[in-house]
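These notes are about the structure you will find just below.
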Amino acid sequence: SWAGIKIEVNNTTLFVDATVGEKEAPLSYNTEYKYALITHAHGDHFDSVALKNILDKRSLLICHKDVTSWIDTRDFRIHALNLYEPIILARANSDIVAIPVPAVDGFGLTQVSWVIDGGGKRIIHCGDTAWHGYWWDISRVYGPFDMAFLPINGARQINGRITDTGVPAVLTPAQALAAAKVLRVNTVCPIH
């Protein structure tokens, strides 16, 4: 509901940054294969309780290799990837391909965006990213995109060591529009 999406292609369901709030229905699926991607370890993008209820012993929780140390992996089969390393889901039928690409937030926490290809569509889910120069390379290699899920609230946080510099930690509406142009996106869906 916050930044999460669910993708179903044939017999595979893929959850990206899935979380469940107090008054929300639990995650659901109608397919044989289920997987989850996370962009980073913030609690509003990774809900271990919600994912434990749907992922089984054949399922994978997929993240960037540097994110693994930030999450409790005891209840999941983890598949850690390097940047630009694709994974085919499910191997048996190749319904979906997911590829981690660079993302940068305003706090310096390791994270990625996900290029996802399946069902004849290509999308990108950008988690908590701020504006960065990787957009051009991502567009050149993986674009154009049918849809981009972009954080568009220009969030600024003051917490602990973080002081307000006046610079947002995620995209502003104007920056999201610029990112969509560079990425060659047909449709933008605001998240966050």
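Chain labels run A, B, ... following the order of the structure tokens; each chain numbers its residues from 1, and ligands are numbered from 1 in the order shown.
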When DSSP works through the backbone of this structure, what residues of chain A end up as strand (DSSP E), shown as a PyMOL selection string? chain A and resi 5-9+12-16+33-37+60-64+78-81+87-89+96-102+112-118+121-125+145-151+185-191
Excluding Leu55 in chain A and its own-chain neighbours fewer than 5 positions away, which residues fall within 10 Å of it when counting only C-alpha atoms? Please give them as number ranges by chain. A: 33-36, 50, 60-61, 75-77
Within 12 Å of Ile7 in chain A, counting only C-alpha atoms, which residues qualify if same-chain residues fewer than 6 places away don't, as an MDAnalysis selection string? chainID A and resid 13:18 28:31 33:37 89 95:98 116:119 121:125
Extract, using only C-alpha atoms, all DNA, RNA and protein residues at most 10 Å from Ser139 in chain A, discarding same-chain residues fewer than 2 positions from it, and format them as a ChimeraX atom specification. /A:134-137,141-145,179-185
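Checking A:Val20, A:Ile87, A:Leu109, A:Ala148 one by one against His42 in chain A, counting only C-alpha atoms, you find the shortest gap at A:Leu109.
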Within 10 Å of range 129-132 of chain A: each range 85-106 of chain A residue with its shortest pair, only C-alpha atoms, as a tab-separated table:
```
residue	atom	partner	partner_atom	distance
A:Pro102	CA	A:His132	CA	8.9
A:Ala103	CA	A:Thr129	CA	5.3
A:Val104	CA	A:Thr129	CA	5.0
A:Asp105	CA	A:Thr129	CA	4.7
A:Gly106	CA	A:Ala130	CA	6.5
```
Restricting the output to N, CA, C and O atoms, write the selected residues as a PDB file, in the first residue's frame.
```
ATOM      1  N   PRO A 102      20.981   0.453 -10.133  1.00  0.00           N
ATOM      2  CA  PRO A 102      21.312   1.418  -9.083  1.00  0.00           C
ATOM      3  C   PRO A 102      20.141   2.304  -8.651  1.00  0.00           C
ATOM      4  O   PRO A 102      19.283   2.679  -9.450  1.00  0.00           O
ATOM      5  N   ALA A 103      20.168   2.629  -7.367  1.00  0.00           N
ATOM      6  CA  ALA A 103      19.276   3.613  -6.758  1.00  0.00           C
ATOM      7  C   ALA A 103      20.080   4.314  -5.663  1.00  0.00           C
ATOM      8  O   ALA A 103      21.052   3.744  -5.149  1.00  0.00           O
ATOM      9  N   VAL A 104      19.689   5.510  -5.321  1.00  0.00           N
ATOM     10  CA  VAL A 104      20.408   6.286  -4.312  1.00  0.00           C
ATOM     11  C   VAL A 104      19.373   7.020  -3.475  1.00  0.00           C
ATOM     12  O   VAL A 104      18.532   7.720  -4.016  1.00  0.00           O
ATOM     13  N   ASP A 105      19.443   6.844  -2.146  1.00  0.00           N
ATOM     14  CA  ASP A 105      18.541   7.630  -1.310  1.00  0.00           C
ATOM     15  C   ASP A 105      19.318   8.737  -0.619  1.00  0.00           C
ATOM     16  O   ASP A 105      20.534   8.828  -0.751  1.00  0.00           O
ATOM     17  N   GLY A 106      18.625   9.572   0.116  1.00  0.00           N
ATOM     18  CA  GLY A 106      19.261  10.704   0.765  1.00  0.00           C
ATOM     19  C   GLY A 106      19.969  10.379   2.061  1.00  0.00           C
ATOM     20  O   GLY A 106      20.517  11.266   2.706  1.00  0.00           O
TER      21      GLY A 106
END
```
Set the distance at 10 Å and use only C-alpha atoms: which residues neighbour range 21-26 of chain A once local chain neighbours fewer than 6 positions away are removed? I'd like the list as a ChimeraX atom specification. /A:1-2,44,47,50-51,53-54
Can I get the selection written as an mmCIF file, in the first residue's frame, with all heavy atoms?
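See selection-v3.cif below for the written result:
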```cif
data_model
loop_
_atom_site.group_PDB
_atom_site.id
_atom_site.type_symbol
_atom_site.label_atom_id
_atom_site.label_comp_id
_atom_site.auth_asym_id
_atom_site.auth_seq_id
_atom_site.Cartn_x
_atom_site.Cartn_y
_atom_site.Cartn_z
ATOM 1 N N SER A 1 0.816 -1.204 0.000
ATOM 2 C CA SER A 1 0.000 0.000 0.000
ATOM 3 C C SER A 1 0.853 1.259 0.000
ATOM 4 O O SER A 1 0.421 2.295 -0.470
ATOM 5 C CB SER A 1 -0.909 0.006 1.217
ATOM 6 O OG SER A 1 -0.125 0.080 2.400
ATOM 7 N N TRP A 2 2.045 1.171 0.505
ATOM 8 C CA TRP A 2 2.912 2.343 0.615
ATOM 9 C C TRP A 2 3.775 2.456 -0.632
ATOM 10 O O TRP A 2 3.708 3.431 -1.369
ATOM 11 C CB TRP A 2 3.753 2.220 1.878
ATOM 12 C CG TRP A 2 4.790 3.264 2.064
ATOM 13 C CD1 TRP A 2 6.141 3.090 2.025
ATOM 14 C CD2 TRP A 2 4.595 4.655 2.340
ATOM 15 N NE1 TRP A 2 6.793 4.277 2.254
ATOM 16 C CE2 TRP A 2 5.854 5.261 2.454
ATOM 17 C CE3 TRP A 2 3.473 5.452 2.490
ATOM 18 C CZ2 TRP A 2 6.029 6.611 2.717
ATOM 19 C CZ3 TRP A 2 3.650 6.804 2.751
ATOM 20 C CH2 TRP A 2 4.908 7.360 2.864
ATOM 21 N N ASP A 44 9.270 0.334 5.964
ATOM 22 C CA ASP A 44 8.138 0.658 5.098
ATOM 23 C C ASP A 44 8.310 0.077 3.691
ATOM 24 O O ASP A 44 7.491 0.309 2.809
ATOM 25 C CB ASP A 44 7.897 2.170 5.039
ATOM 26 C CG ASP A 44 9.073 2.957 4.495
ATOM 27 O OD1 ASP A 44 10.213 2.477 4.541
ATOM 28 O OD2 ASP A 44 8.851 4.101 4.023
ATOM 29 N N ASP A 47 8.500 -5.998 5.041
ATOM 30 C CA ASP A 47 7.650 -6.444 6.134
ATOM 31 C C ASP A 47 7.821 -7.954 6.264
ATOM 32 O O ASP A 47 7.156 -8.729 5.577
ATOM 33 C CB ASP A 47 6.204 -6.069 5.814
ATOM 34 C CG ASP A 47 5.217 -6.402 6.919
ATOM 35 O OD1 ASP A 47 5.541 -7.244 7.789
ATOM 36 O OD2 ASP A 47 4.105 -5.840 6.886
ATOM 37 N N ALA A 50 4.564 -10.066 7.078
ATOM 38 C CA ALA A 50 3.652 -10.242 5.933
ATOM 39 C C ALA A 50 4.214 -11.239 4.934
ATOM 40 O O ALA A 50 3.476 -12.071 4.395
ATOM 41 C CB ALA A 50 3.404 -8.897 5.254
ATOM 42 N N LEU A 51 5.513 -11.177 4.687
ATOM 43 C CA LEU A 51 6.123 -12.085 3.710
ATOM 44 C C LEU A 51 6.216 -13.515 4.228
ATOM 45 O O LEU A 51 6.054 -14.465 3.462
ATOM 46 C CB LEU A 51 7.493 -11.571 3.287
ATOM 47 C CG LEU A 51 7.459 -10.295 2.444
ATOM 48 C CD1 LEU A 51 8.870 -9.770 2.221
ATOM 49 C CD2 LEU A 51 6.756 -10.529 1.126
ATOM 50 N N ASN A 53 4.095 -15.047 5.885
ATOM 51 C CA ASN A 53 2.779 -15.670 5.741
ATOM 52 C C ASN A 53 2.485 -16.159 4.328
ATOM 53 O O ASN A 53 1.532 -16.914 4.133
ATOM 54 C CB ASN A 53 1.688 -14.691 6.179
ATOM 55 C CG ASN A 53 1.707 -14.469 7.673
ATOM 56 O OD1 ASN A 53 2.052 -15.361 8.436
ATOM 57 N ND2 ASN A 53 1.363 -13.277 8.094
ATOM 58 N N ILE A 54 3.256 -15.735 3.332
ATOM 59 C CA ILE A 54 2.955 -16.160 1.962
ATOM 60 C C ILE A 54 4.093 -16.919 1.280
ATOM 61 O O ILE A 54 3.844 -17.706 0.387
ATOM 62 C CB ILE A 54 2.549 -14.972 1.078
ATOM 63 C CG1 ILE A 54 3.635 -13.915 1.072
ATOM 64 C CG2 ILE A 54 1.235 -14.391 1.514
ATOM 65 C CD1 ILE A 54 3.719 -13.203 -0.224
#
```
Taking only C-alpha atoms into account, which of A:Thr39, A:Ser94, A:Ser113, A:Ser48 comes nearest Asp72 in chain A? A:Ser48
I need the residues in chain A that are helix (DSSP H, G or I) according to DSSP; give them as a list in words.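 Reading the DSSP output for chain A, helix (DSSP H, G or I) covers Ser48, Val49, Ala50, Leu51, Lys52, Thr68, Ser69, Trp70, Trp135, Trp136, Asp137, Ile138, Ser139, Arg140, Val141, Tyr142, Pro173, Ala174, Gln175, Ala176, Leu177, Ala178, Ala179, Ala180, Lys181, Val182 and Leu183 of chain A.
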With only C-alpha atoms as the counted atoms, please give the residues lying no more than 7 Å from Phe149 in chain A, apart from itself and same-chain residues fewer than 3 positions off, as a PyMOL selection string. chain A and resi 124-126+188-191
Would you mind exporting the chosen residues as a tab-separated table (two decimals), in the first residue's frame, restricted to C-alpha atoms?
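So part-v8.tsv came out as:
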```
chain	number	residue	atom	x	y	z
A	124	ILE	CA	10.85	-0.32	-13.09
A	125	HIS	CA	10.20	-0.05	-9.34
A	126	CYS	CA	12.41	2.59	-7.74
A	188	VAL	CA	4.22	6.78	-13.99
A	189	CYS	CA	2.63	5.46	-10.80
A	190	PRO	CA	3.49	7.49	-7.69
A	191	ILE	CA	4.55	5.50	-4.63
```
Nearest to Tyr84 in chain A: which of A:Ala3, A:Ile99, A:Ile62, A:Ile71 is it, counting only C-alpha atoms? A:Ile99
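For the set A:Ala41, A:Thr187, A:Val9, A:Leu81, the residue with the smallest atom-to-atom gap to Asn93 in chain A is A:Val9, counting only C-alpha atoms.
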